[in-house]
Amino acid sequence: MKKTLLLGLVFLFLFSVQVFSGGEKESEGATEMIVYHWWTAGGEKEAIDALFQAFLEDNPDLTIVENPVSGGGGGVMRGQIKTMVMAGNSPDTFQLTYGTGMLNSFAEILEPIDEYFADFPVPPMVKEMGRVNGHQVSVPLNIMRNNCLWYNKKLVDELGINPNFKDFNECLAAFEKVKQAGYIPFVIGAGAGQQFWLAQITEQMILGAPHGGPDYITKLYDGEADPAKDAAIREMFVFLKALIEKGYINTDYSALTWDQAGDVLMRDEGVFYSMGDWAKGHFTSAGWKPKVDFDYVTNPGTEGFFTLHFDGFSLCKGAPHPEIARKWLTFLTTAEAETAFCPIKGATPPRLDAPTDMYDAISLDILADFRDPQTEIVQSVFAQPPEEYLGVLGSMLSGFMENPDVEKGIADYASAYDSIYK
Amino acid sequence: MILNRRNKLYIFLFLIPACLLVGIFVYTFLAWSINVSFKDWNTIGKMGNFCGWENYRTLFNEDPVFVRAIKQTLLLAVLFIVLTIPLGVITAILLDLGVKGKRFFRTIYLIPLSFSFVASSIMWSWMYMPNQGVINSVLRAVGLGFLAQPWLTSTKQALFSIVLVYVWQFSGFATLIYYSGIASVPETLLDAAEIDGVTRTQKYRFVILPLQKPATLTVLLLMLMYSLRVFDFVWLLTGGGPAYSSEVLANYMYRVTFNYNRFGLGAAISTFMFFLSVIIIILPVLISSIRKLRGKV
């Protein structure tokens, strides 16, 4: 009895030491890399698998411990990373939206990786977006253009509409024509807790408003705007109110997810749909052909502008295998990595010298705009403002969608804005 | 049984692991969380400085969403309990009455309890869809189209729609507890009541239901504990929206902490939730226990 008790206590002690010893320490000759990302859906999962495969072909002695965490456009994974890092259990590398606001939110836990950027051929603005406290902290992997107005090509041709709307008035006139023909003019999907899409969609309206534009968007996201007085915010609300009150928006907008909203176009029920270029991946994975079944133009008033963010990977402070993570990040800066990943995901590569012959016609359009020196690059709502911006403004805008009172909308916008930047 | 010193030592030794685990994973982190609630910690990986009651002052004086979340959490808890307990009692009585296919119905009522919250929320979000959802479709089909609503997506009824899902998921649990409670009523009492010539209704009203106080306390406590920290269906069905109309404390705490990176403020919300639960749940139980003890003495 005594012996059993003693053995039990010894086992308990050893178990406790193992559990509370503080986790894995870096060992010499380590061969694995712990990576977190949020790509789990069709298309993107195949893309990250292809990227891992290309990396392992160059580094056959390594293994990847992959941790895909789906949900909330990366929000669930970001929450998990924060708790892991606070618990002293950092991964080696993880996916993060590439843009100043998001990277700033994680600044204290990201290692500088300036050495990879000396010869990285991307526009200066792109390098600037990945810099925090004077250091590069992330490698951008794929471009995501935000100011895209997608349309059902068959219906647009049938209705004889020119989708290149120069301003809001042209857009409203076309939407009236669509409504009269019995279709939904403008499809939105901001349901299932995804109100943040309203912040993304209204961003394009603010950008395209007569008093909007890239400078105003930058000022807004820097916390230097005064939404209570700024004309661009009022113009956005007036336009959005018109869309709501004239019945141009699908009535179930707040019940659909972004991709379900895209499906409304594919069922030939809706005609226009404002969403980033990741919508192309959704359309093509469902069998729609670019330039045949669907196409895009820039949102009204945003021609010549390119609102964007990137998916990027960073090196985490306290990473158990930092040298392997650095190999991974070096690999991500190559055209080989971008070429392995982007065409499968339906995205476009940030390197200005990346080969383009494997991309479809719409991706080539996007690339042509991105590489055009005349194009004004603007950080999107996912990139420049602090992480909370999407949630706070999304909630506020969901209230406006139900009660489209412009004066109240402006006051609520200003109040939500102040709660973030004060 | 008289315990000698050696036996007492064994008992003490065997209790150590459980005490250690609870001490570390409950009370240490509770203390740590309270400590964080007094810090202006707004950056991942960099603990903030001591800021006194500032986070609590911000929550109560400058954060209308927090105040709204308190009200909505309490409203959800009250509605959840007020609807679930009577439903549980009625269903348990119906099962006890010996309806045909009793086993089948008992299983049917308990099935929702076995569903994962994620599966249930997906199912209900489809049912609640404004255009294609089964609820609105049925209403339209039977000529009650004017009752069709955007159930989850209107500020007017989003919270109430979520309450219905909770009631659906948990009414089986209440039924189970009450059914067990009714089954455990001593036969002698029922026989005595019958000899006294009570009707069936009187039997339930004056004999069986008064004996269900322990069952009611169990259901009430468990549901209160659950509803004050409710998160899952709110997060999955509406995310607290639209326009914060279904925001509850746990949902807001998660958002403030992990989406807004305001760790100090988030810890202050969780500390408030803890003390709210203590006041609402634990204090009445403690008072009741003290009264019982005094009564015995």
# chains A, B, ... in the order shown; residues from 1 in each chain; ligands from 1
call {"tool": "residues_around", "arguments": {"residues": "Glu108 of chain A", "least_positions_apart": "3", "cutoff": "9 Å", "atoms": "only C-alpha atoms", "output": "list in words"}}
result
Asn104, Ser105, Glu111 and Lys317 of chain A; Thr43, Ile44, Gly45 and Lys46 of chain B
call {"tool": "residues_around", "arguments": {"residues": "segment 148-161 of chain B", "least_positions_apart": "5", "cutoff": "8 Å", "atoms": "only C-alpha atoms", "output": "list in words"}}
result
Gly191, Asp252, Ser254, Ala255, Gly399 and Glu402 of chain A; Gln72, Leu76, Ser125, Tyr128, Met129, Pro130, Ile135, Asn136, Leu139, Arg140, Leu237, Thr238, Gly241, Pro242, Ala243, Ser245 and Ser246 of chain B
call {"tool": "write_last_selection", "arguments": {"atoms": "N, CA and C atoms", "output": "mmCIF file, in the first residue's frame"}}
result
data_model
loop_
_atom_site.group_PDB
_atom_site.id
_atom_site.type_symbol
_atom_site.label_atom_id
_atom_site.label_comp_id
_atom_site.auth_asym_id
_atom_site.auth_seq_id
_atom_site.Cartn_x
_atom_site.Cartn_y
_atom_site.Cartn_z
ATOM 1 N N GLY A 191 -24.439 39.028 -43.269
ATOM 2 C CA GLY A 191 -25.127 38.325 -42.186
ATOM 3 C C GLY A 191 -24.208 37.422 -41.407
ATOM 4 N N ASP A 252 -32.635 40.272 -48.025
ATOM 5 C CA ASP A 252 -32.026 39.336 -47.066
ATOM 6 C C ASP A 252 -30.524 39.576 -46.904
ATOM 7 N N SER A 254 -28.872 40.935 -44.666
ATOM 8 C CA SER A 254 -28.303 40.720 -43.332
ATOM 9 C C SER A 254 -28.430 39.269 -42.890
ATOM 10 N N ALA A 255 -28.844 38.409 -43.801
ATOM 11 C CA ALA A 255 -28.897 36.981 -43.479
ATOM 12 C C ALA A 255 -27.890 36.193 -44.305
ATOM 13 N N GLY A 399 -26.896 49.202 -38.117
ATOM 14 C CA GLY A 399 -28.026 49.975 -37.590
ATOM 15 C C GLY A 399 -28.580 50.921 -38.643
ATOM 16 N N GLU A 402 -30.912 49.376 -41.246
ATOM 17 C CA GLU A 402 -32.289 49.153 -40.813
ATOM 18 C C GLU A 402 -33.057 50.473 -40.680
ATOM 19 N N GLN B 72 -29.175 43.518 -21.794
ATOM 20 C CA GLN B 72 -29.598 42.443 -22.695
ATOM 21 C C GLN B 72 -29.248 41.061 -22.141
ATOM 22 N N LEU B 76 -32.077 38.402 -21.476
ATOM 23 C CA LEU B 76 -31.979 37.058 -22.067
ATOM 24 C C LEU B 76 -32.105 35.993 -20.975
ATOM 25 N N SER B 125 -30.094 29.238 -38.207
ATOM 26 C CA SER B 125 -29.854 30.390 -39.096
ATOM 27 C C SER B 125 -30.510 30.144 -40.455
ATOM 28 N N TYR B 128 -34.262 30.624 -39.943
ATOM 29 C CA TYR B 128 -34.626 32.026 -39.741
ATOM 30 C C TYR B 128 -34.406 32.903 -40.990
ATOM 31 N N MET B 129 -33.874 32.321 -42.067
ATOM 32 C CA MET B 129 -33.595 33.136 -43.274
ATOM 33 C C MET B 129 -34.855 33.884 -43.702
ATOM 34 N N PRO B 130 -34.749 35.171 -44.020
ATOM 35 C CA PRO B 130 -35.945 35.960 -44.333
ATOM 36 C C PRO B 130 -36.708 35.464 -45.564
ATOM 37 N N ILE B 135 -39.330 28.971 -41.540
ATOM 38 C CA ILE B 135 -40.324 29.633 -40.675
ATOM 39 C C ILE B 135 -41.161 30.620 -41.497
ATOM 40 N N ASN B 136 -40.478 31.498 -42.211
ATOM 41 C CA ASN B 136 -41.226 32.462 -43.036
ATOM 42 C C ASN B 136 -41.979 31.776 -44.173
ATOM 43 N N LEU B 139 -45.111 30.358 -42.730
ATOM 44 C CA LEU B 139 -46.056 31.446 -42.422
ATOM 45 C C LEU B 139 -46.748 31.933 -43.699
ATOM 46 N N ARG B 140 -45.954 32.078 -44.759
ATOM 47 C CA ARG B 140 -46.543 32.542 -46.034
ATOM 48 C C ARG B 140 -47.499 31.491 -46.601
ATOM 49 N N LEU B 237 -24.963 33.205 -34.238
ATOM 50 C CA LEU B 237 -26.153 33.591 -35.012
ATOM 51 C C LEU B 237 -26.130 35.052 -35.447
ATOM 52 N N THR B 238 -25.707 35.943 -34.573
ATOM 53 C CA THR B 238 -25.765 37.377 -34.927
ATOM 54 C C THR B 238 -24.457 38.106 -34.686
ATOM 55 N N GLY B 241 -25.047 41.565 -33.255
ATOM 56 C CA GLY B 241 -25.734 42.587 -34.042
ATOM 57 C C GLY B 241 -27.186 42.242 -34.265
ATOM 58 N N PRO B 242 -27.887 42.955 -35.143
ATOM 59 C CA PRO B 242 -27.422 44.172 -35.803
ATOM 60 C C PRO B 242 -27.425 45.360 -34.851
ATOM 61 N N ALA B 243 -26.440 46.198 -35.042
ATOM 62 C CA ALA B 243 -26.294 47.425 -34.260
ATOM 63 C C ALA B 243 -26.369 47.149 -32.753
ATOM 64 N N SER B 245 -27.888 45.050 -31.069
ATOM 65 C CA SER B 245 -29.193 44.755 -30.497
ATOM 66 C C SER B 245 -29.246 43.395 -29.810
ATOM 67 N N SER B 246 -28.262 42.519 -30.069
ATOM 68 C CA SER B 246 -28.236 41.242 -29.355
ATOM 69 C C SER B 246 -26.898 41.068 -28.627
#
call {"tool": "residues_around", "arguments": {"residues": "segment 199-211 of chain A", "least_positions_apart": "2", "cutoff": "10 Å", "atoms": "only C-alpha atoms", "output": "PyMOL selection string"}}
result
chain A and resi 146-149+166-168+188+190+195-197+213-218+220+230-237+239-240+273-276+298-303+305+307+378+380-382+389-398
call {"tool": "atom_distance", "arguments": {"atom1": "atom CA of Tyr244 of chain B", "atom2": "atom CA of Gly74 of chain A"}}
result
21.5 Å
call {"tool": "residues_around", "arguments": {"residues": "Asn261 of chain B", "least_positions_apart": "4", "cutoff": "10 Å", "atoms": "only C-alpha atoms", "output": "MDAnalysis selection string"}}
result
(chainID A and resid 79 82 105:106 386:388) or (chainID B and resid 41:44 254:257 265:266)
call {"tool": "write_last_selection", "arguments": {"atoms": "N, CA and C atoms", "output": "short mmCIF file (atom, residue, chain, number, x, y, z; two decimals), in the first residue's frame"}}
result
data_model
loop_
_atom_site.label_atom_id
_atom_site.label_comp_id
_atom_site.auth_asym_id
_atom_site.auth_seq_id
_atom_site.Cartn_x
_atom_site.Cartn_y
_atom_site.Cartn_z
N GLY A 79 -7.38 35.71 -32.71
CA GLY A 79 -7.68 35.58 -31.28
C GLY A 79 -6.87 34.45 -30.66
N LYS A 82 -3.17 35.38 -30.23
CA LYS A 82 -2.94 36.29 -29.10
C LYS A 82 -2.86 35.50 -27.79
N SER A 105 -1.17 46.42 -34.65
CA SER A 105 -1.85 45.76 -33.53
C SER A 105 -1.01 44.62 -32.97
N PHE A 106 -0.17 44.03 -33.83
CA PHE A 106 0.65 42.89 -33.42
C PHE A 106 2.12 43.26 -33.24
N PRO A 386 -6.92 50.48 -37.21
CA PRO A 386 -6.71 49.45 -36.18
C PRO A 386 -7.67 48.29 -36.36
N GLU A 387 -7.33 47.15 -35.79
CA GLU A 387 -8.08 45.91 -36.00
C GLU A 387 -9.57 46.07 -35.64
N GLU A 388 -9.87 46.90 -34.63
CA GLU A 388 -11.25 47.01 -34.15
C GLU A 388 -12.15 47.80 -35.09
N TRP B 41 -3.81 47.88 -20.41
CA TRP B 41 -3.13 46.96 -21.33
C TRP B 41 -3.88 46.96 -22.67
N ASN B 42 -3.26 47.59 -23.67
CA ASN B 42 -3.91 47.72 -24.98
C ASN B 42 -3.06 47.19 -26.13
N THR B 43 -1.97 46.54 -25.81
CA THR B 43 -1.08 46.04 -26.87
C THR B 43 -0.75 44.58 -26.60
N ILE B 44 -0.80 43.78 -27.66
CA ILE B 44 -0.49 42.36 -27.50
C ILE B 44 0.99 42.24 -27.13
N TYR B 254 -15.36 39.15 -25.28
CA TYR B 254 -14.47 38.51 -26.27
C TYR B 254 -14.04 39.53 -27.33
N ARG B 255 -15.01 40.31 -27.78
CA ARG B 255 -14.73 41.27 -28.85
C ARG B 255 -13.74 42.35 -28.39
N VAL B 256 -14.01 42.89 -27.21
CA VAL B 256 -13.14 43.94 -26.68
C VAL B 256 -11.73 43.40 -26.46
N THR B 257 -11.65 42.17 -25.97
CA THR B 257 -10.33 41.61 -25.66
C THR B 257 -9.58 41.19 -26.93
N LEU B 265 -9.58 46.34 -20.45
CA LEU B 265 -11.02 46.58 -20.48
C LEU B 265 -11.78 45.24 -20.52
N GLY B 266 -11.27 44.31 -21.32
CA GLY B 266 -11.88 42.98 -21.42
C GLY B 266 -11.85 42.27 -20.06
#
call {"tool": "atom_distance", "arguments": {"atom1": "atom CA of Thr330 of chain A", "atom2": "atom CA of Ala107 of chain A"}}
result
20.1 Å
call {"tool": "residues_around", "arguments": {"residues": "segment 43-47 of chain A", "least_positions_apart": "6", "cutoff": "8 Å", "atoms": "only C-alpha atoms", "output": "list of chain:residue names"}}
result
A:Gly281, A:Ser285, A:Ala340, A:Phe341, A:Cys342, A:Pro343, A:Ile344, A:Lys345, A:Gly346
call {"tool": "atom_distance", "arguments": {"atom1": "atom CA of Thr271 of chain B", "atom2": "atom CA of Val118 of chain B"}}
result
26.8 Å
call {"tool": "closest_residue", "arguments": {"among": "A:Met86, A:Leu243, A:Ala368, A:Val65", "to": "chain B", "atoms": "only C-alpha atoms"}}
result
A:Met86
call {"tool": "closest_residue", "arguments": {"among": "B:Val82, B:Ile280, B:Leu144, B:Leu13", "to": "chain A", "atoms": "only C-alpha atoms"}}
result
B:Leu13
call {"tool": "residues_around", "arguments": {"residues": "Gly409 of chain A", "least_positions_apart": "3", "cutoff": "8 Å", "atoms": "only C-alpha atoms", "output": "list in words"}}
result
Phe237, Leu397, Phe400, Pro404, Asp405, Val406, Asp412 and Tyr413 of chain A
call {"tool": "residues_around", "arguments": {"residues": "Pro124 of chain A", "least_positions_apart": "2", "cutoff": "12 Å", "atoms": "only C-alpha atoms", "output": "CSV table (one decimal) with C-alpha atoms, in the first residue's frame"}}
result
chain,number,residue,atom,x,y,z
A,117,PHE,CA,13.1,43.6,-48.4
A,118,ALA,CA,16.3,45.1,-49.8
A,119,ASP,CA,15.8,43.6,-53.3
A,120,PHE,CA,12.1,42.8,-53.1
A,121,PRO,CA,10.6,44.3,-56.3
A,122,VAL,CA,7.3,45.7,-55.1
A,126,VAL,CA,3.7,48.2,-50.6
A,127,LYS,CA,6.9,48.1,-48.5
A,128,GLU,CA,5.6,51.0,-46.5
A,129,MET,CA,2.4,49.1,-45.6
A,130,GLY,CA,4.5,46.3,-44.0
A,131,ARG,CA,6.6,48.6,-41.9
A,350,PRO,CA,2.8,41.5,-55.6
A,351,ARG,CA,6.2,41.1,-57.1
A,352,LEU,CA,6.4,43.4,-60.2
A,371,ARG,CA,1.7,47.7,-62.1
A,373,PRO,CA,2.7,53.7,-62.2
A,376,GLU,CA,-3.0,55.4,-56.8
A,377,ILE,CA,-2.7,52.6,-54.3
call {"tool": "select_by_dssp", "arguments": {"residues": "segment 16-199 of chain A", "states": "helix (DSSP H, G or I)", "output": "VMD selection string"}}
result
chain A and resid 16 to 19 44 to 58 72 to 86 100 to 105 107 to 109 114 to 116 124 to 129 153 to 159 168 to 180 196 to 199
call {"tool": "decode", "arguments": {"residues": "segment 31-45 of chain B", "atoms": "all heavy atoms", "output": "PDB file, in the first residue's frame"}}
result
ATOM      1  N   ALA B  31      -7.583  35.563 -10.137  1.00  0.00           N
ATOM      2  CA  ALA B  31      -6.828  36.657  -9.509  1.00  0.00           C
ATOM      3  C   ALA B  31      -6.049  37.430 -10.569  1.00  0.00           C
ATOM      4  O   ALA B  31      -5.999  38.666 -10.551  1.00  0.00           O
ATOM      5  CB  ALA B  31      -5.883  36.088  -8.464  1.00  0.00           C
ATOM      6  N   TRP B  32      -5.490  36.696 -11.516  1.00  0.00           N
ATOM      7  CA  TRP B  32      -4.712  37.342 -12.581  1.00  0.00           C
ATOM      8  C   TRP B  32      -5.616  38.242 -13.423  1.00  0.00           C
ATOM      9  O   TRP B  32      -5.254  39.364 -13.769  1.00  0.00           O
ATOM     10  CB  TRP B  32      -4.063  36.266 -13.455  1.00  0.00           C
ATOM     11  CG  TRP B  32      -3.078  36.818 -14.439  1.00  0.00           C
ATOM     12  CD1 TRP B  32      -1.818  37.271 -14.172  1.00  0.00           C
ATOM     13  CD2 TRP B  32      -3.254  36.976 -15.844  1.00  0.00           C
ATOM     14  NE1 TRP B  32      -1.217  37.701 -15.324  1.00  0.00           N
ATOM     15  CE2 TRP B  32      -2.073  37.527 -16.364  1.00  0.00           C
ATOM     16  CE3 TRP B  32      -4.314  36.710 -16.722  1.00  0.00           C
ATOM     17  CZ2 TRP B  32      -1.910  37.813 -17.711  1.00  0.00           C
ATOM     18  CZ3 TRP B  32      -4.144  36.993 -18.071  1.00  0.00           C
ATOM     19  CH2 TRP B  32      -2.959  37.536 -18.549  1.00  0.00           C
ATOM     20  N   SER B  33      -6.811  37.740 -13.709  1.00  0.00           N
ATOM     21  CA  SER B  33      -7.752  38.511 -14.517  1.00  0.00           C
ATOM     22  C   SER B  33      -8.174  39.792 -13.783  1.00  0.00           C
ATOM     23  O   SER B  33      -8.255  40.870 -14.380  1.00  0.00           O
ATOM     24  CB  SER B  33      -8.959  37.630 -14.828  1.00  0.00           C
ATOM     25  OG  SER B  33      -9.816  38.276 -15.698  1.00  0.00           O
ATOM     26  N   ILE B  34      -8.418  39.660 -12.475  1.00  0.00           N
ATOM     27  CA  ILE B  34      -8.777  40.856 -11.694  1.00  0.00           C
ATOM     28  C   ILE B  34      -7.616  41.846 -11.723  1.00  0.00           C
ATOM     29  O   ILE B  34      -7.805  43.051 -11.896  1.00  0.00           O
ATOM     30  CB  ILE B  34      -9.153  40.459 -10.247  1.00  0.00           C
ATOM     31  CG1 ILE B  34     -10.450  39.631 -10.265  1.00  0.00           C
ATOM     32  CG2 ILE B  34      -9.322  41.691  -9.353  1.00  0.00           C
ATOM     33  CD1 ILE B  34     -10.829  39.016  -8.940  1.00  0.00           C
ATOM     34  N   ASN B  35      -6.414  41.318 -11.604  1.00  0.00           N
ATOM     35  CA  ASN B  35      -5.224  42.170 -11.651  1.00  0.00           C
ATOM     36  C   ASN B  35      -5.127  42.910 -12.990  1.00  0.00           C
ATOM     37  O   ASN B  35      -4.901  44.124 -13.040  1.00  0.00           O
ATOM     38  CB  ASN B  35      -3.985  41.277 -11.424  1.00  0.00           C
ATOM     39  CG  ASN B  35      -2.696  42.039 -11.607  1.00  0.00           C
ATOM     40  OD1 ASN B  35      -2.566  43.172 -11.166  1.00  0.00           O
ATOM     41  ND2 ASN B  35      -1.737  41.423 -12.273  1.00  0.00           N
ATOM     42  N   VAL B  36      -5.377  42.176 -14.096  1.00  0.00           N
ATOM     43  CA  VAL B  36      -5.306  42.785 -15.434  1.00  0.00           C
ATOM     44  C   VAL B  36      -6.366  43.878 -15.592  1.00  0.00           C
ATOM     45  O   VAL B  36      -6.148  44.880 -16.288  1.00  0.00           O
ATOM     46  CB  VAL B  36      -5.464  41.699 -16.529  1.00  0.00           C
ATOM     47  CG1 VAL B  36      -5.629  42.330 -17.909  1.00  0.00           C
ATOM     48  CG2 VAL B  36      -4.274  40.776 -16.534  1.00  0.00           C
ATOM     49  N   SER B  37      -7.492  43.714 -14.900  1.00  0.00           N
ATOM     50  CA  SER B  37      -8.568  44.706 -15.054  1.00  0.00           C
ATOM     51  C   SER B  37      -8.179  46.078 -14.496  1.00  0.00           C
ATOM     52  O   SER B  37      -8.863  47.060 -14.742  1.00  0.00           O
ATOM     53  CB  SER B  37      -9.857  44.201 -14.393  1.00  0.00           C
ATOM     54  OG  SER B  37      -9.761  44.298 -12.997  1.00  0.00           O
ATOM     55  N   PHE B  38      -7.088  46.121 -13.773  1.00  0.00           N
ATOM     56  CA  PHE B  38      -6.608  47.417 -13.253  1.00  0.00           C
ATOM     57  C   PHE B  38      -5.398  47.926 -14.046  1.00  0.00           C
ATOM     58  O   PHE B  38      -4.657  48.774 -13.571  1.00  0.00           O
ATOM     59  CB  PHE B  38      -6.247  47.291 -11.769  1.00  0.00           C
ATOM     60  CG  PHE B  38      -7.446  47.064 -10.894  1.00  0.00           C
ATOM     61  CD1 PHE B  38      -7.721  45.812 -10.375  1.00  0.00           C
ATOM     62  CD2 PHE B  38      -8.323  48.109 -10.619  1.00  0.00           C
ATOM     63  CE1 PHE B  38      -8.847  45.593  -9.597  1.00  0.00           C
ATOM     64  CE2 PHE B  38      -9.454  47.899  -9.834  1.00  0.00           C
ATOM     65  CZ  PHE B  38      -9.712  46.640  -9.323  1.00  0.00           C
ATOM     66  N   LYS B  39      -5.197  47.374 -15.239  1.00  0.00           N
ATOM     67  CA  LYS B  39      -4.060  47.791 -16.068  1.00  0.00           C
ATOM     68  C   LYS B  39      -4.572  48.399 -17.368  1.00  0.00           C
ATOM     69  O   LYS B  39      -5.596  47.976 -17.894  1.00  0.00           O
ATOM     70  CB  LYS B  39      -3.184  46.574 -16.425  1.00  0.00           C
ATOM     71  CG  LYS B  39      -2.684  45.788 -15.223  1.00  0.00           C
ATOM     72  CD  LYS B  39      -1.287  46.166 -14.888  1.00  0.00           C
ATOM     73  CE  LYS B  39      -0.860  45.616 -13.549  1.00  0.00           C
ATOM     74  NZ  LYS B  39       0.186  44.672 -13.574  1.00  0.00           N
ATOM     75  N   ASP B  40      -3.813  49.369 -17.901  1.00  0.00           N
ATOM     76  CA  ASP B  40      -4.193  49.933 -19.209  1.00  0.00           C
ATOM     77  C   ASP B  40      -3.459  49.141 -20.299  1.00  0.00           C
ATOM     78  O   ASP B  40      -2.614  49.670 -21.015  1.00  0.00           O
ATOM     79  CB  ASP B  40      -3.883  51.441 -19.282  1.00  0.00           C
ATOM     80  CG  ASP B  40      -2.408  51.731 -19.123  1.00  0.00           C
ATOM     81  OD1 ASP B  40      -1.676  50.826 -18.670  1.00  0.00           O
ATOM     82  OD2 ASP B  40      -1.980  52.848 -19.451  1.00  0.00           O
ATOM     83  N   TRP B  41      -3.807  47.878 -20.412  1.00  0.00           N
ATOM     84  CA  TRP B  41      -3.132  46.956 -21.333  1.00  0.00           C
ATOM     85  C   TRP B  41      -3.878  46.957 -22.666  1.00  0.00           C
ATOM     86  O   TRP B  41      -4.951  46.394 -22.779  1.00  0.00           O
ATOM     87  CB  TRP B  41      -3.113  45.568 -20.692  1.00  0.00           C
ATOM     88  CG  TRP B  41      -2.381  44.533 -21.493  1.00  0.00           C
ATOM     89  CD1 TRP B  41      -1.618  44.732 -22.609  1.00  0.00           C
ATOM     90  CD2 TRP B  41      -2.328  43.133 -21.232  1.00  0.00           C
ATOM     91  NE1 TRP B  41      -1.099  43.550 -23.043  1.00  0.00           N
ATOM     92  CE2 TRP B  41      -1.512  42.548 -22.230  1.00  0.00           C
ATOM     93  CE3 TRP B  41      -2.883  42.310 -20.258  1.00  0.00           C
ATOM     94  CZ2 TRP B  41      -1.262  41.184 -22.273  1.00  0.00           C
ATOM     95  CZ3 TRP B  41      -2.620  40.939 -20.312  1.00  0.00           C
ATOM     96  CH2 TRP B  41      -1.821  40.394 -21.301  1.00  0.00           C
ATOM     97  N   ASN B  42      -3.261  47.589 -23.669  1.00  0.00           N
ATOM     98  CA  ASN B  42      -3.910  47.717 -24.981  1.00  0.00           C
ATOM     99  C   ASN B  42      -3.063  47.185 -26.130  1.00  0.00           C
ATOM    100  O   ASN B  42      -3.385  47.436 -27.289  1.00  0.00           O
ATOM    101  CB  ASN B  42      -4.253  49.189 -25.260  1.00  0.00           C
ATOM    102  CG  ASN B  42      -5.187  49.754 -24.217  1.00  0.00           C
ATOM    103  OD1 ASN B  42      -6.123  49.100 -23.798  1.00  0.00           O
ATOM    104  ND2 ASN B  42      -4.900  50.953 -23.754  1.00  0.00           N
ATOM    105  N   THR B  43      -1.974  46.540 -25.810  1.00  0.00           N
ATOM    106  CA  THR B  43      -1.081  46.039 -26.867  1.00  0.00           C
ATOM    107  C   THR B  43      -0.750  44.582 -26.596  1.00  0.00           C
ATOM    108  O   THR B  43      -0.429  44.234 -25.451  1.00  0.00           O
ATOM    109  CB  THR B  43       0.238  46.844 -26.881  1.00  0.00           C
ATOM    110  OG1 THR B  43      -0.097  48.221 -26.857  1.00  0.00           O
ATOM    111  CG2 THR B  43       1.064  46.533 -28.097  1.00  0.00           C
ATOM    112  N   ILE B  44      -0.803  43.781 -27.662  1.00  0.00           N
ATOM    113  CA  ILE B  44      -0.486  42.358 -27.498  1.00  0.00           C
ATOM    114  C   ILE B  44       0.993  42.240 -27.131  1.00  0.00           C
ATOM    115  O   ILE B  44       1.849  42.843 -27.772  1.00  0.00           O
ATOM    116  CB  ILE B  44      -0.704  41.585 -28.810  1.00  0.00           C
ATOM    117  CG1 ILE B  44      -2.076  41.880 -29.365  1.00  0.00           C
ATOM    118  CG2 ILE B  44      -0.522  40.097 -28.604  1.00  0.00           C
ATOM    119  CD1 ILE B  44      -2.148  41.623 -30.847  1.00  0.00           C
ATOM    120  N   GLY B  45       1.267  41.445 -26.116  1.00  0.00           N
ATOM    121  CA  GLY B  45       2.657  41.174 -25.766  1.00  0.00           C
ATOM    122  C   GLY B  45       3.311  42.232 -24.906  1.00  0.00           C
ATOM    123  O   GLY B  45       4.510  42.151 -24.644  1.00  0.00           O
TER     124      GLY B  45
END
